[in-house]
Amino acid sequence: MKNANTIGGVSRAGSGILALLMPGGMGLPVFRPVRWRMRLGVVLACTGAVANFGLLTLSGWLLAGAATAGLAGAIAAQSFNILLPATAVRFFATIRILARYLEKVSTHDTALRLTGRLRSWLYARLAPMAPAGLVSVRGGDVLNRFVSDTDRVAGWYTDVAVPCWRALLCGMFFTGIFLCLLPKAATALGIGLILAAMGVWALLARPVSGLIQRSVESHSALQAELADTLHGLGEWLVLGAMPRQVAKLTTCQTALTRAHRHIAAREGVAGSLVTLVMFCTVVAVLGIAVQAFQAGQLAGPEVPMLVLGTLAAFDVVSALPGACVASARTQLGATRLTACGGESNTTHSLSPAVPAAPYDLEIRDLCFSYPHAGTYVLDHASLTVRQGEKLAIIGPSGAGKSSLVSLLFNFWPVQSGSIVFSGVDISTTDAETLSALISVASQDFHLFTATLRDNLLLAAPQASEADINEALNVAQLTAFVAALPQGLDTLMGNEGLRLSGGQARRLCVAQAVLRRTPWLVLDEPTEGLDDTTEQALMQALLAACPRTTILCISHRAGVLPFMDRVVRLEGGRLWPEGEKT
């Protein structure tokens with residue numbers, strides 16, 4: 001896979017991505033802006049672990065020392081200074097609480113930032129691919145990758161990087177402390193920590209990868225099936241196929257549950273291994289410490305101090321089983337992300353050409369067919385539209401009128417011929433550049449679950465109140481909005497549920513008008529409207545946009561008198577109205 005198609009320009013997928021996420025060696029442009037936050041989280045995690053180690057070891061020494069002084073007699077008890085170690089215990093306890101709290105805040109904030117950056121990265125690569133690059137991909141699967149896989153990769157920081165760095169750095173630090181007190185105990189502790197880490201890796205690293213893959217695949221299949229089921233719920237119910245679909249969902253859920261159960265079992269075995277190694281290490285350190293005490297190398301209170309220190313040291317490796325499982329999930333998620341976002345056209349990585357006035361359109365011998373269709377939708381079609389012209393395109397359903405609009409935005413590759421907009425071949429530019437010059441009121445418009453005002457401002461965020469009122473007047477919605485109790489601040493419901501079909505279509509026209517672009521493409525703008533409203537809308541539209549090039553696709557004859565020219569799309573070609581195919 002080429003470097004232009006991978007996360008942040010890294011030439012490897014999957015595990016290669018993970019290696020560069022480590023706070024000590026981040027080379028990913030996607031994560032570079034938050035690398036200091038990542039390192040801060042590791043520092044706070046290590047601080048909390050060191051404070052916990054200091055608290056337990058010092059508490060063990062303090063309790064044993066106080067007991068020893070009490071047994072030695074009144075004079076020894078009075079001479080024992082409890083104030084300084086007790087203050088140190090409180091200090092370590094306070095530091096542990098603060099460090100753990102700040103660690104959670106910092107690491108989760110960083111993980112959310114990483115998730116946002118990953119999703120922005122993925123969306124930037126998916127957007128140019130739609131719809132042609134995603135025609136063979138299930139929408140539910142793309143959604144699953146966009147949500148779940150980005151969460152897995154971003155969660156690598158909190159679930160893998162932080163625990164592993166804490167175990168490595170703190171394990172070395174704790175072993176060094178033991179080395180200063182008793183070298184043999186340090187050796188036992190170091191061997192125990194290494195054995196625990198290696199045991200976890202041996203039990204989980206390779207065996208769990210297959211289980212994780214089945215788990216992620218089952219989860220992805222379940223979400224894709226669920227999305228398809230909800231999308232076509234009415235059809236499933238009407239056709240009586242819902243029981244079969246429910247059975248399919250149940251099968252996916254069963255496979256997912258089985259995979260999770262196996263993963264949890266292996267993780268539990270690895271956790272038990274860590275506990276067993278910890279117990280053996282504690283026994284070994286206790287035996288070494290007792291021998292050193294008998295030989296006069298250690299004071300009595302230092303024996304329980306070393307034992308409790310061993311327990312505290314193993315606290316940093318107790319999270320390794322979960323980290324190992326999370327690492328396998330993240331590797332698979334990273335591979336799926338690069339596969340999902342890695343097929344975008346490399347031309348979009350170049351600087352797109354920017355058309356300049358006059359904004360004329362020239363289509364020459366255009367040929368286009370959908371994948372696996374076998375027949376051409378457009379077959380050597382040609383058309384010239386001059387700036388400011390009002391043109392209507394008519395033709396039977398399925399003739400390719402909407403496809404022509406998609407080709408204009410370079411959504412689909414042209415098999416042969418050319419589309420030149422303002423002297424620029426559209427294959428050298430991108431949809432974002434073209435959208436700044438062309439507004440489209442499509443049949444497949446989408447209204448967000450928000451207010452009327454919010455939906456209008458989504459089309460033109462800088463629009464003033466006067467601009468909004470003018471657009472509503474053009475779309476013949478002024479009286480409707482005035483009759484609403486909350487006016488423009490009325491919530492429209494899910495996908496504009498409170499609007500009729502005609503009102504929703506006119507709101508889409510208002511959005512297009514509000515953008516004030518040199519070109520305006522209207523796809524069935526008056527569908528569902530009565531003749532009076534249709535005539536009023538077209539008259540207001542021409543009056544508000546006298547210099548705007550209007551390309552109107554319509555089946556309704558009432559729109560045609562308002563156009564300068566009418567062409568018919570039939571048989572794959574564009575014919576002036578009146579000519580025979």
# chains A, B, ... in the order shown; residues from 1 in each chain; ligands from 1
>>> residues_around(residues="Phe174 in chain A", least_positions_apart="3", cutoff="9 Å", atoms="only C-alpha atoms", output="PyMOL selection string")
chain A and resi 50+53+169-171+177-179+186+189-190+309-310+313
>>> residues_around(residues="Leu332 in chain A", least_positions_apart="4", cutoff="8 Å", atoms="only C-alpha atoms", output="list in words")
Gly14, Ile212, Gln213, Ala328 and Arg336 of chain A
>>> residues_around(residues="range 382-384 of chain A", least_positions_apart="2", cutoff="9 Å", atoms="only C-alpha atoms", output="PyMOL selection string")
chain A and resi 360-366+380+386+417+573-575
>>> atom_distance(atom1="CA of Val440 in chain A", atom2="CA of Trp519 in chain A")
8.5 Å
>>> select_by_dssp(residues="range 290-532 of chain A", states="alpha helix (DSSP H)", output="VMD selection string")
chain A and resid 290 to 294 302 to 314 320 to 341 401 to 408 431 to 435 452 to 459 465 to 474 478 to 483 501 to 515 531 to 532
>>> closest_residue(among="A:Arg113, A:Lys104, A:Arg515, A:His446", to="Gly496 in chain A", atoms="only C-alpha atoms")
A:His446
>>> residues_around(residues="range 434-438 of chain A", least_positions_apart="3", cutoff="7 Å", atoms="only C-alpha atoms", output="short mmCIF file (atom, residue, chain, number, x, y, z; two decimals) with C-alpha atoms, in the first residue's frame")
data_model
loop_
_atom_site.label_atom_id
_atom_site.label_comp_id
_atom_site.auth_asym_id
_atom_site.auth_seq_id
_atom_site.Cartn_x
_atom_site.Cartn_y
_atom_site.Cartn_z
CA PHE A 409 -18.88 16.95 -9.40
CA ASP A 430 -12.26 18.14 -6.63
CA ALA A 431 -15.82 18.26 -5.36
CA THR A 517 -23.01 30.53 -6.18
CA PRO A 518 -22.57 31.27 -9.92
CA TRP A 519 -24.27 27.96 -10.81
CA LEU A 520 -27.49 26.50 -9.47
#
>>> residues_around(residues="Pro576 in chain A", least_positions_apart="2", cutoff="12 Å", atoms="only C-alpha atoms", output="CSV table (one decimal) with all heavy atoms, in the first residue's frame")
chain,number,residue,atom,x,y,z
A,381,ALA,N,-22.4,11.7,-25.2
A,381,ALA,CA,-23.3,12.9,-25.0
A,381,ALA,C,-22.4,14.2,-25.1
A,381,ALA,O,-21.3,14.2,-24.6
A,381,ALA,CB,-24.0,12.8,-23.7
A,382,SER,N,-23.0,15.2,-25.6
A,382,SER,CA,-22.3,16.5,-25.7
A,382,SER,C,-23.3,17.6,-25.3
A,382,SER,O,-24.5,17.6,-25.7
A,382,SER,CB,-21.8,16.8,-27.1
A,382,SER,OG,-20.8,15.8,-27.5
A,383,LEU,N,-22.8,18.7,-24.7
A,383,LEU,CA,-23.6,19.8,-24.3
A,383,LEU,C,-22.7,21.0,-23.9
A,383,LEU,O,-21.6,20.8,-23.4
A,383,LEU,CB,-24.4,19.4,-23.0
A,383,LEU,CG,-25.3,20.5,-22.4
A,383,LEU,CD1,-26.5,20.8,-23.3
A,383,LEU,CD2,-25.8,20.0,-21.0
A,384,THR,N,-23.2,22.2,-24.3
A,384,THR,CA,-22.5,23.4,-24.0
A,384,THR,C,-23.5,24.3,-23.2
A,384,THR,O,-24.6,24.6,-23.7
A,384,THR,CB,-22.0,24.1,-25.2
A,384,THR,OG1,-21.1,23.3,-25.9
A,384,THR,CG2,-21.3,25.4,-24.8
A,391,LEU,N,-31.2,26.5,-18.4
A,391,LEU,CA,-31.3,25.3,-19.2
A,391,LEU,C,-32.1,24.3,-18.5
A,391,LEU,O,-31.8,24.0,-17.3
A,391,LEU,CB,-29.9,24.8,-19.6
A,391,LEU,CG,-29.9,23.5,-20.3
A,391,LEU,CD1,-30.4,23.7,-21.8
A,391,LEU,CD2,-28.5,22.9,-20.4
A,392,ALA,N,-33.1,23.7,-19.2
A,392,ALA,CA,-33.8,22.6,-18.6
A,392,ALA,C,-33.4,21.3,-19.3
A,392,ALA,O,-33.2,21.2,-20.5
A,392,ALA,CB,-35.3,22.8,-18.8
A,393,ILE,N,-33.3,20.2,-18.5
A,393,ILE,CA,-33.0,18.9,-19.0
A,393,ILE,C,-34.2,18.0,-18.6
A,393,ILE,O,-34.5,17.8,-17.5
A,393,ILE,CB,-31.7,18.3,-18.4
A,393,ILE,CG1,-30.5,19.2,-18.7
A,393,ILE,CG2,-31.4,16.9,-18.9
A,393,ILE,CD1,-29.2,18.7,-18.2
A,394,ILE,N,-34.8,17.4,-19.7
A,394,ILE,CA,-35.9,16.5,-19.5
A,394,ILE,C,-35.5,15.2,-20.0
A,394,ILE,O,-34.5,15.0,-20.7
A,394,ILE,CB,-37.2,17.1,-20.2
A,394,ILE,CG1,-36.9,17.2,-21.7
A,394,ILE,CG2,-37.6,18.4,-19.6
A,394,ILE,CD1,-38.2,17.6,-22.5
A,395,GLY,N,-36.4,14.2,-19.7
A,395,GLY,CA,-36.1,12.8,-20.2
A,395,GLY,C,-36.8,11.8,-19.3
A,395,GLY,O,-37.2,12.1,-18.1
A,564,ASP,N,-34.4,29.2,-20.8
A,564,ASP,CA,-34.0,29.8,-22.1
A,564,ASP,C,-33.9,28.6,-23.1
A,564,ASP,O,-34.1,28.9,-24.3
A,564,ASP,CB,-32.6,30.4,-22.0
A,564,ASP,CG,-32.6,31.6,-21.0
A,564,ASP,OD1,-33.6,32.2,-20.9
A,564,ASP,OD2,-31.5,31.8,-20.4
A,565,ARG,N,-33.6,27.4,-22.7
A,565,ARG,CA,-33.4,26.3,-23.6
A,565,ARG,C,-33.8,25.0,-22.9
A,565,ARG,O,-33.6,24.9,-21.7
A,565,ARG,CB,-31.9,26.3,-24.1
A,565,ARG,CG,-31.6,25.3,-25.1
A,565,ARG,CD,-30.3,25.8,-25.9
A,565,ARG,NE,-29.2,26.0,-24.9
A,565,ARG,CZ,-28.2,25.1,-24.8
A,565,ARG,NH1,-28.2,23.9,-25.5
A,565,ARG,NH2,-27.2,25.3,-23.9
A,566,VAL,N,-34.3,24.1,-23.7
A,566,VAL,CA,-34.6,22.8,-23.2
A,566,VAL,C,-33.9,21.7,-24.0
A,566,VAL,O,-33.9,21.7,-25.2
A,566,VAL,CB,-36.2,22.5,-23.3
A,566,VAL,CG1,-36.5,21.2,-22.7
A,566,VAL,CG2,-36.9,23.6,-22.5
A,567,VAL,N,-33.3,20.8,-23.3
A,567,VAL,CA,-32.6,19.6,-24.0
A,567,VAL,C,-33.2,18.4,-23.3
A,567,VAL,O,-33.6,18.3,-22.2
A,567,VAL,CB,-31.1,19.6,-23.8
A,567,VAL,CG1,-30.5,20.8,-24.5
A,567,VAL,CG2,-30.7,19.6,-22.4
A,568,ARG,N,-33.3,17.3,-24.2
A,568,ARG,CA,-33.8,16.0,-23.7
A,568,ARG,C,-32.7,15.0,-23.7
A,568,ARG,O,-31.9,14.8,-24.6
A,568,ARG,CB,-34.9,15.6,-24.7
A,568,ARG,CG,-35.6,14.3,-24.4
A,568,ARG,CD,-36.9,14.2,-25.1
A,568,ARG,NE,-36.8,14.7,-26.5
A,568,ARG,CZ,-36.5,14.0,-27.5
A,568,ARG,NH1,-36.3,12.7,-27.4
A,568,ARG,NH2,-36.5,14.5,-28.7
A,569,LEU,N,-32.6,14.3,-22.5
A,569,LEU,CA,-31.7,13.2,-22.4
A,569,LEU,C,-32.4,11.9,-22.6
A,569,LEU,O,-33.2,11.5,-21.8
A,569,LEU,CB,-31.0,13.3,-21.0
A,569,LEU,CG,-30.0,12.2,-20.7
A,569,LEU,CD1,-28.9,12.2,-21.7
A,569,LEU,CD2,-29.5,12.3,-19.3
A,570,GLU,N,-32.0,11.2,-23.7
A,570,GLU,CA,-32.6,10.0,-24.0
A,570,GLU,C,-31.7,9.2,-24.9
A,570,GLU,O,-31.0,9.7,-25.7
A,570,GLU,CB,-33.9,10.2,-24.8
A,570,GLU,CG,-34.8,9.0,-25.0
A,570,GLU,CD,-36.2,9.3,-25.5
A,570,GLU,OE1,-36.5,10.5,-25.7
A,570,GLU,OE2,-36.9,8.3,-25.8
A,573,ARG,N,-27.9,10.2,-25.0
A,573,ARG,CA,-27.4,11.5,-25.6
A,573,ARG,C,-28.3,12.6,-25.2
A,573,ARG,O,-29.5,12.4,-24.8
A,573,ARG,CB,-27.3,11.3,-27.1
A,573,ARG,CG,-26.3,10.3,-27.5
A,573,ARG,CD,-26.0,10.4,-29.0
A,573,ARG,NE,-25.0,9.4,-29.5
A,573,ARG,CZ,-24.5,9.3,-30.7
A,573,ARG,NH1,-24.9,10.2,-31.6
A,573,ARG,NH2,-23.6,8.4,-31.0
A,574,LEU,N,-27.8,13.8,-25.4
A,574,LEU,CA,-28.6,15.1,-25.2
A,574,LEU,C,-29.0,15.7,-26.5
A,574,LEU,O,-28.2,16.0,-27.4
A,574,LEU,CB,-27.7,16.1,-24.4
A,574,LEU,CG,-27.4,15.7,-22.9
A,574,LEU,CD1,-26.1,16.4,-22.5
A,574,LEU,CD2,-28.5,16.0,-22.0
A,578,GLY,N,-37.4,18.8,-29.6
A,578,GLY,CA,-38.0,18.9,-30.9
A,578,GLY,C,-37.3,18.0,-31.9
A,578,GLY,O,-37.9,17.6,-32.9
A,579,GLU,N,-36.0,17.6,-31.6
A,579,GLU,CA,-35.3,16.7,-32.5
A,579,GLU,C,-35.6,15.3,-32.2
A,579,GLU,O,-36.0,15.0,-31.1
A,579,GLU,CB,-33.8,16.9,-32.5
A,579,GLU,CG,-33.3,18.3,-33.1
A,579,GLU,CD,-31.8,18.3,-33.2
A,579,GLU,OE1,-31.2,17.3,-33.0
A,579,GLU,OE2,-31.3,19.4,-33.5
A,580,LYS,N,-35.5,14.4,-33.1
A,580,LYS,CA,-35.7,13.0,-32.9
A,580,LYS,C,-34.4,12.3,-32.6
A,580,LYS,O,-33.4,12.7,-33.1
A,580,LYS,CB,-36.4,12.4,-34.2
A,580,LYS,CG,-37.7,12.9,-34.5
A,580,LYS,CD,-38.3,12.2,-35.7
A,580,LYS,CE,-39.7,12.7,-36.0
A,580,LYS,NZ,-40.3,12.1,-37.2
A,581,THR,N,-34.5,11.2,-31.8
A,581,THR,CA,-33.3,10.5,-31.5
A,581,THR,C,-32.9,9.6,-32.6
A,581,THR,O,-33.7,9.2,-33.5
A,581,THR,CB,-33.6,9.6,-30.2
A,581,THR,OG1,-34.8,8.7,-30.5
A,581,THR,CG2,-34.0,10.4,-29.0
>>> closest_residue(among="A:Ala460, A:Asn494, A:Leu308, A:Asp523", to="Ser406 in chain A", atoms="only C-alpha atoms")
A:Asp523
>>> residues_around(residues="Arg117 in chain A", least_positions_apart="4", cutoff="9 Å", atoms="only C-alpha atoms", output="VMD selection string")
chain A and resid 30 to 31 112 to 113 121 to 122
>>> atom_distance(atom1="CA of Arg166 in chain A", atom2="CA of Val303 in chain A")
25.7 Å
>>> residues_around(residues="Ala504 in chain A", least_positions_apart="6", cutoff="9 Å", atoms="only C-alpha atoms", output="list in words")
Phe445, Leu447, Gly496 and Leu497 of chain A
>>> write_last_selection(atoms="all heavy atoms", output="PDB file, in the first residue's frame")
ATOM      1  N   PHE A 445     -32.003  14.980  -0.913  1.00  0.00           N
ATOM      2  CA  PHE A 445     -31.520  15.935   0.079  1.00  0.00           C
ATOM      3  C   PHE A 445     -31.681  15.357   1.483  1.00  0.00           C
ATOM      4  O   PHE A 445     -32.436  14.412   1.711  1.00  0.00           O
ATOM      5  CB  PHE A 445     -32.265  17.260  -0.029  1.00  0.00           C
ATOM      6  CG  PHE A 445     -33.760  17.138   0.134  1.00  0.00           C
ATOM      7  CD1 PHE A 445     -34.344  17.179   1.385  1.00  0.00           C
ATOM      8  CD2 PHE A 445     -34.579  16.972  -0.975  1.00  0.00           C
ATOM      9  CE1 PHE A 445     -35.709  17.054   1.544  1.00  0.00           C
ATOM     10  CE2 PHE A 445     -35.952  16.842  -0.833  1.00  0.00           C
ATOM     11  CZ  PHE A 445     -36.518  16.884   0.429  1.00  0.00           C
ATOM     12  N   LEU A 447     -32.142  16.606   5.611  1.00  0.00           N
ATOM     13  CA  LEU A 447     -32.374  17.656   6.599  1.00  0.00           C
ATOM     14  C   LEU A 447     -31.994  17.118   7.969  1.00  0.00           C
ATOM     15  O   LEU A 447     -32.365  16.006   8.337  1.00  0.00           O
ATOM     16  CB  LEU A 447     -33.839  18.095   6.593  1.00  0.00           C
ATOM     17  CG  LEU A 447     -34.336  18.723   5.274  1.00  0.00           C
ATOM     18  CD1 LEU A 447     -35.811  19.044   5.370  1.00  0.00           C
ATOM     19  CD2 LEU A 447     -33.536  19.962   4.920  1.00  0.00           C
ATOM     20  N   GLY A 496     -36.476  16.187   9.143  1.00  0.00           N
ATOM     21  CA  GLY A 496     -37.531  17.090   8.693  1.00  0.00           C
ATOM     22  C   GLY A 496     -38.916  16.504   8.776  1.00  0.00           C
ATOM     23  O   GLY A 496     -39.768  16.759   7.905  1.00  0.00           O
ATOM     24  N   LEU A 497     -39.175  15.713   9.823  1.00  0.00           N
ATOM     25  CA  LEU A 497     -40.444  14.999   9.946  1.00  0.00           C
ATOM     26  C   LEU A 497     -41.641  15.950  10.016  1.00  0.00           C
ATOM     27  O   LEU A 497     -42.733  15.609   9.563  1.00  0.00           O
ATOM     28  CB  LEU A 497     -40.403  14.112  11.199  1.00  0.00           C
ATOM     29  CG  LEU A 497     -41.576  13.162  11.413  1.00  0.00           C
ATOM     30  CD1 LEU A 497     -41.658  12.169  10.266  1.00  0.00           C
ATOM     31  CD2 LEU A 497     -41.436  12.427  12.742  1.00  0.00           C
TER      32      LEU A 497
END
>>> atom_distance(atom1="CA of Ala479 in chain A", atom2="CA of Ser464 in chain A")
19.2 Å
>>> closest_residue(among="A:Pro561, A:Pro163, A:Gly400, A:Gly502", to="Pro321 in chain A", atoms="only C-alpha atoms")
A:Pro163
>>> closest_residue(among="A:Thr158, A:Thr375, A:Gln223, A:Thr175", to="Thr115 in chain A", atoms="only C-alpha atoms")
A:Thr158
